[in-house]
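Novice: My structure file input35.csv, CSV, C-alpha atoms, is below:
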```csv
chain,number,residue,atom,x,y,z
A,1,MET,CA,0.0,0.0,0.0
A,2,ASP,CA,1.2,3.5,-0.8
A,3,ARG,CA,2.3,5.6,2.2
A,4,VAL,CA,2.4,9.4,1.9
A,5,ALA,CA,4.1,11.7,4.3
A,6,ILE,CA,2.9,15.3,4.0
A,7,LEU,CA,5.2,17.7,5.8
A,8,TYR,CA,4.6,21.4,6.5
A,9,THR,CA,6.1,24.2,8.4
A,10,PRO,CA,3.8,26.5,10.5
A,11,ALA,CA,5.2,29.7,9.0
A,12,GLY,CA,1.8,31.3,8.6
A,13,GLY,CA,-1.2,29.3,8.0
A,14,GLY,CA,-0.8,28.7,4.2
A,15,HIS,CA,1.6,25.8,4.3
A,16,ARG,CA,-0.6,23.9,6.8
A,17,ALA,CA,-3.7,24.6,4.7
A,18,ALA,CA,-2.0,23.4,1.5
A,19,ALA,CA,-0.9,20.2,3.3
A,20,ASN,CA,-4.4,19.5,4.6
A,21,ALA,CA,-5.9,20.2,1.1
A,22,ILE,CA,-3.7,17.6,-0.4
A,23,ALA,CA,-4.4,15.2,2.4
A,24,ALA,CA,-8.2,15.6,1.8
A,25,GLU,CA,-7.7,14.8,-1.9
A,26,LEU,CA,-5.9,11.6,-0.9
A,27,SER,CA,-8.5,10.6,1.6
A,28,SER,CA,-10.4,8.5,-1.0
A,29,ALA,CA,-7.4,7.2,-2.8
A,30,GLY,CA,-6.8,4.1,-0.5
A,31,VAL,CA,-3.4,5.2,0.7
A,32,VAL,CA,-2.0,5.8,4.2
A,33,VAL,CA,-1.5,9.5,4.8
A,34,ASP,CA,0.4,11.1,7.6
A,35,VAL,CA,0.3,15.0,7.9
A,36,ARG,CA,3.0,16.3,10.2
A,37,ASN,CA,4.2,19.7,11.4
A,38,VAL,CA,8.0,19.5,11.1
A,39,LEU,CA,8.5,21.5,14.3
A,40,GLU,CA,7.3,18.3,16.1
A,41,PHE,CA,10.7,16.9,15.3
A,42,ALA,CA,12.7,19.9,16.5
A,43,PRO,CA,13.7,21.1,20.0
A,44,SER,CA,11.0,23.1,21.7
A,45,TRP,CA,13.2,26.2,21.8
A,46,PHE,CA,13.4,26.3,18.0
A,47,ALA,CA,10.3,28.5,17.6
A,48,TYR,CA,10.4,29.0,13.8
A,49,ASP,CA,6.7,29.8,13.7
A,50,ARG,CA,7.0,32.5,16.4
A,51,ALA,CA,10.1,34.0,14.7
A,52,TRP,CA,8.1,34.1,11.4
A,53,GLN,CA,5.3,35.9,13.1
A,54,LEU,CA,7.7,38.5,14.4
A,55,ILE,CA,9.2,39.0,11.0
A,56,GLN,CA,5.8,39.4,9.4
A,57,ARG,CA,4.7,41.9,12.0
A,58,HIS,CA,7.8,43.9,12.7
A,59,GLY,CA,10.5,43.0,10.2
A,60,GLY,CA,9.1,43.4,6.7
A,61,HIS,CA,11.9,45.6,5.4
A,62,ALA,CA,14.6,43.2,6.9
A,63,TRP,CA,12.8,40.2,5.3
A,64,ASP,CA,12.7,42.0,1.9
A,65,TRP,CA,16.5,42.6,2.2
A,66,LEU,CA,17.3,39.0,3.1
A,67,PHE,CA,14.9,37.7,0.5
A,68,GLU,CA,16.5,39.7,-2.3
A,69,HIS,CA,20.1,39.2,-1.3
A,70,SER,CA,19.8,35.4,-0.7
A,71,GLU,CA,18.1,35.1,-4.1
A,72,ARG,CA,20.8,37.1,-5.9
A,73,GLY,CA,23.9,35.5,-4.4
A,74,LEU,CA,24.0,35.4,-0.6
A,75,ASP,CA,24.4,31.7,0.0
A,76,LEU,CA,22.6,30.5,3.1
A,77,ASP,CA,23.3,26.8,2.6
A,78,PRO,CA,26.5,26.8,4.7
A,79,VAL,CA,24.4,27.9,7.6
A,80,ARG,CA,21.0,26.3,7.0
A,81,LEU,CA,22.2,22.8,6.1
A,82,PRO,CA,24.4,22.1,9.2
A,83,LEU,CA,21.8,23.8,11.4
A,84,HIS,CA,19.0,21.7,10.0
A,85,ARG,CA,21.1,18.5,10.5
A,86,ALA,CA,21.6,19.4,14.1
A,87,LEU,CA,18.0,20.3,14.8
A,88,PHE,CA,16.0,17.7,12.8
A,89,GLY,CA,17.6,14.3,13.4
A,90,ALA,CA,14.2,13.1,14.7
A,91,LEU,CA,12.7,14.0,11.3
A,92,ASP,CA,15.3,11.8,9.6
A,93,ARG,CA,14.4,8.9,11.8
A,94,TYR,CA,10.7,9.5,11.3
A,95,LEU,CA,11.1,9.3,7.5
A,96,ILE,CA,13.2,6.1,7.7
A,97,ASP,CA,10.8,4.4,10.1
A,98,PHE,CA,7.6,5.5,8.3
A,99,ALA,CA,9.1,4.4,4.9
A,100,PRO,CA,6.8,6.5,2.7
A,101,THR,CA,6.4,5.8,-1.0
A,102,HIS,CA,5.8,9.6,-1.4
A,103,VAL,CA,6.9,12.6,0.5
A,104,VAL,CA,5.1,15.9,-0.1
A,105,CYS,CA,6.6,19.1,1.3
A,106,THR,CA,4.6,22.4,1.3
A,107,HIS,CA,7.7,24.2,2.6
A,108,TYR,CA,11.4,23.8,1.9
A,109,LEU,CA,12.3,23.3,5.5
A,110,PRO,CA,11.2,19.6,5.7
A,111,ALA,CA,12.6,19.0,2.2
A,112,LEU,CA,16.1,19.6,3.5
A,113,ALA,CA,15.8,16.3,5.5
A,114,VAL,CA,15.2,14.4,2.3
A,115,THR,CA,18.6,15.3,1.1
A,116,ARG,CA,20.2,13.5,4.0
A,117,VAL,CA,18.1,10.3,4.0
A,118,ARG,CA,17.5,10.1,0.2
A,119,GLU,CA,19.5,6.9,-0.2
A,120,GLN,CA,17.6,5.2,2.6
A,121,LEU,CA,14.2,5.9,1.1
A,122,ALA,CA,12.4,4.6,-2.0
A,123,ALA,CA,10.1,7.6,-1.9
A,124,ARG,CA,9.3,10.0,-4.7
A,125,VAL,CA,9.6,13.5,-3.3
A,126,ILE,CA,7.4,16.4,-4.4
A,127,VAL,CA,7.7,20.0,-3.2
A,128,THR,CA,4.7,22.3,-3.6
A,129,ILE,CA,5.6,26.0,-3.9
A,130,THR,CA,2.8,28.0,-2.2
A,131,ASP,CA,3.4,31.4,-3.7
A,132,HIS,CA,3.6,33.0,-7.2
A,133,LEU,CA,7.3,33.6,-6.7
A,134,ALA,CA,10.0,31.0,-6.3
A,135,HIS,CA,13.0,31.8,-4.2
A,136,ARG,CA,16.1,29.6,-4.6
A,137,ALA,CA,15.7,28.4,-1.0
A,138,TRP,CA,13.0,26.1,-2.4
A,139,ILE,CA,15.6,24.3,-4.6
A,140,VAL,CA,16.7,21.3,-2.6
A,141,PRO,CA,18.8,18.4,-3.8
A,142,GLY,CA,16.9,15.1,-3.9
A,143,VAL,CA,13.6,16.5,-4.9
A,144,ASP,CA,11.9,14.7,-7.8
A,145,ALA,CA,9.3,17.3,-8.8
A,146,TYR,CA,8.0,20.8,-8.0
A,147,CYS,CA,4.3,21.6,-8.2
A,148,VAL,CA,4.2,25.3,-8.8
A,149,ALA,CA,1.6,28.1,-8.9
A,150,ASP,CA,1.9,29.3,-12.5
A,151,ALA,CA,3.9,29.2,-15.7
A,152,GLY,CA,6.2,32.0,-14.7
A,153,VAL,CA,7.2,30.2,-11.5
A,154,ALA,CA,7.7,27.0,-13.6
A,155,ARG,CA,10.1,28.8,-15.9
A,156,ALA,CA,12.1,30.2,-13.0
A,157,VAL,CA,12.3,26.8,-11.2
A,158,ARG,CA,13.3,25.0,-14.4
A,159,ARG,CA,16.3,27.3,-14.7
A,160,LYS,CA,17.5,26.1,-11.3
A,161,THR,CA,16.9,22.4,-11.2
A,162,ARG,CA,16.6,19.3,-13.4
A,163,ALA,CA,13.7,18.0,-11.3
A,164,GLU,CA,10.3,17.8,-13.0
A,165,VAL,CA,8.2,21.0,-12.8
A,166,ILE,CA,4.4,20.8,-13.0
A,167,VAL,CA,2.0,23.8,-13.0
A,168,THR,CA,-0.8,22.8,-10.6
A,169,GLY,CA,-1.6,26.0,-8.9
A,170,ILE,CA,-1.4,26.5,-5.1
A,171,PRO,CA,-3.3,23.7,-3.3
A,172,ILE,CA,-6.4,25.0,-1.6
A,173,ALA,CA,-9.4,23.2,0.0
A,174,ALA,CA,-11.9,21.9,-2.5
A,175,CYS,CA,-15.3,23.7,-2.6
A,176,LYS,CA,-18.1,22.1,-4.6
A,177,LEU,CA,-20.6,25.0,-4.2
A,178,PRO,CA,-21.3,27.0,-7.3
A,179,VAL,CA,-19.6,30.4,-7.6
A,180,ARG,CA,-22.0,33.4,-6.9
A,181,GLY,CA,-21.7,36.1,-9.5
A,182,VAL,CA,-21.5,39.7,-8.2
A,183,ALA,CA,-24.4,41.9,-9.2
A,184,ILE,CA,-23.8,44.4,-12.0
A,185,GLU,CA,-25.0,47.3,-9.9
A,186,LEU,CA,-24.5,47.4,-6.1
A,187,PRO,CA,-26.1,50.2,-4.2
A,188,ARG,CA,-24.7,48.6,-1.0
A,189,ALA,CA,-21.7,46.3,-1.3
A,190,ARG,CA,-20.6,43.5,1.0
A,191,VAL,CA,-16.9,44.1,1.9
A,192,LEU,CA,-14.8,41.4,3.6
A,193,ALA,CA,-11.6,42.7,5.3
A,194,LEU,CA,-9.0,40.1,6.4
A,195,LEU,CA,-6.7,41.7,8.9
A,196,GLY,CA,-5.2,38.7,10.6
A,197,GLY,CA,-1.4,38.4,10.2
A,198,LEU,CA,-1.0,42.1,9.6
A,199,PRO,CA,1.3,44.2,11.8
A,200,LYS,CA,-0.8,45.7,14.6
A,201,HIS,CA,-0.3,49.3,13.5
A,202,GLU,CA,-1.4,48.4,9.9
A,203,ALA,CA,-4.5,46.6,11.1
A,204,LEU,CA,-5.5,49.6,13.2
A,205,SER,CA,-4.9,52.0,10.3
A,206,THR,CA,-6.9,49.8,8.0
A,207,ILE,CA,-9.9,49.9,10.4
A,208,ASP,CA,-9.7,53.7,10.4
A,209,ALA,CA,-9.5,53.7,6.6
A,210,LEU,CA,-12.6,51.5,6.4
A,211,ALA,CA,-14.7,53.9,8.6
A,212,PRO,CA,-16.0,56.1,5.8
A,213,LEU,CA,-17.7,53.0,4.3
A,214,SER,CA,-20.4,52.8,6.9
A,215,ARG,CA,-23.2,52.6,4.2
A,216,HIS,CA,-21.8,49.3,3.0
A,217,ALA,CA,-22.0,45.9,4.8
A,218,LEU,CA,-18.6,45.4,6.3
A,219,HIS,CA,-17.4,42.0,7.6
A,220,VAL,CA,-14.0,42.4,9.4
A,221,LEU,CA,-11.9,39.5,10.6
A,222,CYS,CA,-9.3,40.9,12.9
A,223,GLY,CA,-7.2,38.0,14.1
A,224,ASP,CA,-6.6,37.4,17.8
A,225,ASP,CA,-5.3,40.7,18.9
A,226,ALA,CA,-7.7,42.1,21.5
A,227,ASP,CA,-6.7,45.7,20.8
A,228,VAL,CA,-7.4,45.4,17.1
A,229,LEU,CA,-10.8,43.8,17.9
A,230,ALA,CA,-11.7,46.5,20.4
A,231,HIS,CA,-10.7,49.2,17.9
A,232,ALA,CA,-12.8,47.7,15.2
A,233,ARG,CA,-15.8,47.5,17.4
A,234,LYS,CA,-15.4,51.2,18.4
A,235,ARG,CA,-14.7,52.6,14.9
A,236,LEU,CA,-17.0,50.3,12.9
A,237,PRO,CA,-20.1,50.0,15.1
A,238,LEU,CA,-22.3,48.8,12.2
A,239,ALA,CA,-19.9,46.2,10.9
A,240,GLU,CA,-19.8,42.5,11.6
A,241,ILE,CA,-16.6,42.0,13.7
A,242,ALA,CA,-14.9,38.8,14.6
A,243,ALA,CA,-11.5,37.3,15.3
A,244,ARG,CA,-11.8,34.7,12.6
A,245,ALA,CA,-14.4,32.7,10.6
A,246,ASP,CA,-15.2,29.0,10.6
A,247,GLY,CA,-14.4,28.3,7.0
A,248,LEU,CA,-13.2,31.2,5.0
A,249,TYR,CA,-15.0,30.2,1.8
A,250,ALA,CA,-18.4,31.1,3.3
A,251,ALA,CA,-17.1,34.6,4.2
A,252,ILE,CA,-15.6,35.1,0.8
A,253,ASP,CA,-18.8,33.9,-1.0
A,254,ARG,CA,-20.9,36.3,1.0
A,255,ALA,CA,-18.7,39.2,0.0
A,256,ASP,CA,-18.7,41.3,-3.2
A,257,LEU,CA,-15.0,42.1,-2.8
A,258,VAL,CA,-12.2,41.2,-0.4
A,259,VAL,CA,-9.6,43.5,1.3
A,260,THR,CA,-6.6,41.3,2.2
A,261,LYS,CA,-2.8,41.0,2.3
A,262,ALA,CA,-1.3,39.0,-0.6
A,263,GLY,CA,-0.8,35.6,1.0
A,264,GLY,CA,-0.6,32.8,-1.5
A,265,LEU,CA,-3.5,30.7,-0.1
A,266,THR,CA,-5.8,33.6,0.5
A,267,VAL,CA,-5.3,35.1,-3.0
A,268,SER,CA,-5.8,31.6,-4.5
A,269,GLU,CA,-9.0,31.1,-2.5
A,270,CYS,CA,-10.4,34.5,-3.6
A,271,LEU,CA,-9.5,33.7,-7.3
A,272,ALA,CA,-11.2,30.3,-7.0
A,273,ARG,CA,-14.4,31.9,-5.7
A,274,GLY,CA,-14.4,34.7,-8.3
A,275,ARG,CA,-13.9,37.6,-5.9
A,276,ALA,CA,-12.3,40.9,-6.7
A,277,MET,CA,-9.6,41.9,-4.3
A,278,VAL,CA,-8.2,45.1,-2.9
A,279,LEU,CA,-4.5,44.6,-1.9
A,280,PRO,CA,-3.4,47.7,0.0
A,281,PHE,CA,-0.7,46.2,2.1
A,282,ALA,CA,3.0,45.9,1.8
A,283,ALA,CA,3.9,42.6,0.1
A,284,PRO,CA,7.4,41.6,1.4
A,285,GLY,CA,9.4,38.8,-0.1
A,286,GLN,CA,7.4,36.0,-1.7
A,287,GLU,CA,4.1,37.8,-1.3
A,288,ARG,CA,5.2,40.2,-4.0
A,289,GLY,CA,4.6,37.5,-6.5
A,290,ASN,CA,1.0,36.9,-5.3
A,291,LEU,CA,0.3,40.6,-5.5
A,292,PHE,CA,1.6,41.0,-9.1
A,293,TYR,CA,-0.2,37.8,-10.2
A,294,ALA,CA,-3.6,39.1,-9.0
A,295,LEU,CA,-3.0,42.6,-10.4
A,296,ASP,CA,-1.8,41.2,-13.8
A,297,ALA,CA,-4.8,39.0,-14.0
A,298,GLY,CA,-7.1,42.0,-13.6
A,299,ALA,CA,-8.6,40.4,-10.4
A,300,ALA,CA,-7.2,43.0,-8.0
A,301,VAL,CA,-6.4,46.7,-7.5
A,302,ARG,CA,-3.9,48.3,-5.2
A,303,PRO,CA,-4.5,51.8,-3.7
A,304,SER,CA,-1.5,54.2,-3.9
A,305,GLU,CA,-1.7,54.3,-0.1
A,306,LEU,CA,-3.8,52.9,2.7
A,307,ALA,CA,-5.6,56.1,3.3
A,308,ASP,CA,-7.1,55.8,-0.2
A,309,LEU,CA,-8.8,52.5,0.7
A,310,ALA,CA,-12.3,53.8,1.1
A,311,ASP,CA,-12.1,55.9,-2.1
A,312,THR,CA,-10.8,52.9,-4.0
A,313,ILE,CA,-13.6,50.7,-2.9
A,314,GLU,CA,-16.3,53.3,-3.6
A,315,GLY,CA,-14.8,53.7,-7.1
A,316,LEU,CA,-15.0,49.9,-7.7
A,317,VAL,CA,-18.6,49.7,-6.4
A,318,GLY,CA,-19.8,52.8,-8.2
A,319,GLU,CA,-18.7,51.5,-11.7
A,320,PRO,CA,-21.5,49.2,-12.9
A,321,GLY,CA,-20.1,45.7,-13.7
A,322,ARG,CA,-16.6,46.4,-12.6
A,323,LEU,CA,-16.6,43.9,-9.7
A,324,ARG,CA,-18.3,41.3,-11.9
A,325,LYS,CA,-15.6,41.7,-14.6
A,326,MET,CA,-12.9,41.4,-12.0
A,327,GLY,CA,-14.5,38.3,-10.6
A,328,ALA,CA,-14.6,36.7,-14.0
A,329,ARG,CA,-10.9,37.5,-14.5
A,330,ALA,CA,-10.2,36.0,-11.0
A,331,ARG,CA,-11.9,32.7,-12.1
A,332,PHE,CA,-9.9,32.6,-15.3
A,333,ALA,CA,-6.6,33.0,-13.3
A,334,ALA,CA,-7.6,30.5,-10.6
A,335,HIS,CA,-6.6,26.9,-10.1
A,336,PRO,CA,-9.4,25.6,-7.8
A,337,ASP,CA,-8.4,21.9,-8.4
A,338,ALA,CA,-4.7,22.5,-7.6
A,339,ALA,CA,-4.7,19.9,-4.7
A,340,ALA,CA,-6.2,17.3,-7.0
A,341,ALA,CA,-3.6,18.1,-9.6
A,342,VAL,CA,-0.8,17.5,-7.0
A,343,VAL,CA,-2.3,14.1,-6.3
A,344,THR,CA,-2.5,13.3,-10.0
A,345,SER,CA,1.2,14.2,-10.3
A,346,MET,CA,1.8,11.5,-7.7
A,347,PHE,CA,-0.6,8.7,-8.9
A,348,GLY,CA,-1.8,9.6,-12.4
A,349,GLU,CA,-0.8,8.1,-15.7
A,350,GLN,CA,2.2,10.5,-15.9
A,351,ALA,CA,3.2,10.2,-12.3
A,352,VAL,CA,6.4,11.8,-11.1
A,353,ALA,CA,9.4,9.5,-11.6
A,354,ARG,CA,12.2,9.3,-9.0
A,355,VAL,CA,15.2,11.4,-10.2
A,356,ALA,CA,18.2,9.1,-10.8
```
Could the structure of this file be written out as structure tokens, please?
Specialist:
Amino acid sequence: MDRVAILYTPAGGGHRAAANAIAAELSSAGVVVDVRNVLEFAPSWFAYDRAWQLIQRHGGHAWDWLFEHSERGLDLDPVRLPLHRALFGALDRYLIDFAPTHVVCTHYLPALAVTRVREQLAARVIVTITDHLAHRAWIVPGVDAYCVADAGVARAVRRKTRAEVIVTGIPIAACKLPVRGVAIELPRARVLALLGGLPKHEALSTIDALAPLSRHALHVLCGDDADVLAHARKRLPLAEIAARADGLYAAIDRADLVVTKAGGLTVSECLARGRAMVLPFAAPGQERGNLFYALDAGAAVRPSELADLADTIEGLVGEPGRLRKMGARARFAAHPDAAAAVVTSMFGEQAVARVA
């Protein structure tokens, strides 16, 4: 029986969500599936997830600098490879003991272990790149195939590796419900604002920027910061305010447009559900690729500054058919079956071969 290890890193929620989407597609395939957070195999003090949260909330410029310089020539392997070996010996042992036929990594961190135990495994190794931009940190020896977000990413990855490269899209949870088209004319729009994961000061400023839109139906998901929640309830008394939603698809489907940061999974979910996006936030590092992909597709707009958010939304709502057209372009650019495409790359007629 086939045995699939799906490994993710909790650097944001997207890598976990992609792993779970692939696992859900495998649930009816008659295979053994084990989805694991790689930090389970590291010392407790190695708080990669908390460090990533700090970078996202306070170190955007530093992350941009490191992202650019490590892509252009700053070689991190002399540091990351020995460090990974020292920290993740338990991951090596897990892979050998579990003896998977396939290893799927939705982040490059677990893929580094495959390099060390490659000769002790008979597994085919697939890495799923979860943004519309591929940094060379994703390129790891011993990977058989990369499942990537779009053709541009595919070209970039092919220039860096001899592994197979397959355009699947970014894996998102399946949704069988029909897509609701946005009305041509909207006297009162439904606006979903996703503020979780933003730096606190930016979330607070966004709430202030949304305040002039009181005639519209606002649904604001603030994340877990109590100060942000309190500020939203004070400044937006008529809005629906919550920390998060049970199932983001329902919230996206109710909305006519979505205000969000350019995370790979969130952008992919909005595209799949045919929703126009307003992307007013800084897009450091890999998020830049998601921002440009949505803008180039005609599915999103970007205000020149956050203070222009309300005017930007009013302009979109006030132009008959504009949001409907953007929604159609979103659907054209979407890959709603990306998780199924990853599974097909594993078990379909042209399944990934192990690299010699």
Novice: Skipping near chain neighbours, those fewer than 3 positions away, what residues fall within 10 Å of A:Phe292 using all atoms listed in the file, listed as a list in words?
Specialist: His132, Leu133, Ala262, Ala283, Glu287, Arg288, Gly289, Leu295, Asp296, Ala297, Gly298, Ala300, Val301 and Arg302 of chain A
Novice: Which residues come within 7 Å of stretch 100-107 of chain A, counting all atoms listed in the file, excluding same-chain residues fewer than 3 positions away, as a PyMOL selection string?
Specialist: chain A and resi 2-9+15+18-19+110-111+122-130
Novice: Go through A:Leu218, A:Ala99, A:Val140, A:Ile252 one by one, measure the shortest atom-to-atom distance of each to A:Arg116 using all atoms listed in the file, and give the residue with the smallest value.
Specialist: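 Using all atoms listed in the file, A:Arg116 sits closest to A:Val140.
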Novice: In Å, how far is it from atom CA of A:Leu95 to atom CA of A:Val143?
Specialist: 14.6 Å
Novice: Taking only C-alpha atoms into account, which of A:Ile313, A:Leu194, A:Val220, A:Val35 comes nearest A:Ile22?
Specialist: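 So, comparing all the options, the nearest one is A:Val35.
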Novice: In file coordinates, which residues lie within 9 Å of (-14.8, 51.9, -0.2) using all atoms listed in the file, given as a list in words?
Specialist: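 Taken together, the residues in range are Ala189, Val191, Ala209, Leu210, Pro212, Leu213, His216, Asp308, Leu309, Ala310, Asp311, Thr312, Ile313, Glu314, Gly315, Leu316 and Val317 of chain A.
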Novice: For A:Ala245, which of A:Gly197, A:Gly30, A:Gly223, A:Gly263 is the closest residue, counting only C-alpha atoms?
Specialist: A:Gly223
Novice: From the set A:Ile241, A:Leu26, A:Val179, A:Ile170, which residue has the shortest atom-to-atom contact distance to A:Arg254, counting all atoms listed in the file?
Specialist: A:Val179
Novice: List the neighbours of stretch 330-344 of chain A out to 9 Å using all atoms listed in the file; skip same-chain residues closer than 4 positions along the sequence, and give me the result as a PyMOL selection string.
Specialist: chain A and resi 18-19+21-26+126+128+147+149+166-175+268-277+293-294+297-300+325-326+348-351
Novice: Pick out the closest residue to A:Phe46 from this set: A:Ala86, A:Ala134, A:Val114, A:Cys222. Count only C-alpha atoms.
Specialist: A:Ala86
Novice: Have a look at A:Leu121, A:Val278, A:Gly152, A:Pro141 and name the one nearest to A:Pro303; count all atoms listed in the file.
Specialist: A:Val278
Novice: Just how far from atom CA of A:Val228 is atom CA of A:Ala203, in Å to one decimal?
Specialist: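 Value for the atom CA of A:Ala203-atom CA of A:Val228 distance: 6.8 Å.
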Novice: Excluding A:Leu192 and its own-chain neighbours fewer than 4 positions away, which residues fall within 9 Å of it when counting only C-alpha atoms? Please give them as a list of chain:residue names.
Specialist: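 The contact residues come out as A:Ala217, A:Leu218, A:His219, A:Val220, A:Leu221, A:Ala251, A:Ile252, A:Arg254, A:Ala255, A:Asp256, A:Leu257, A:Val258, A:Val259, A:Thr260.
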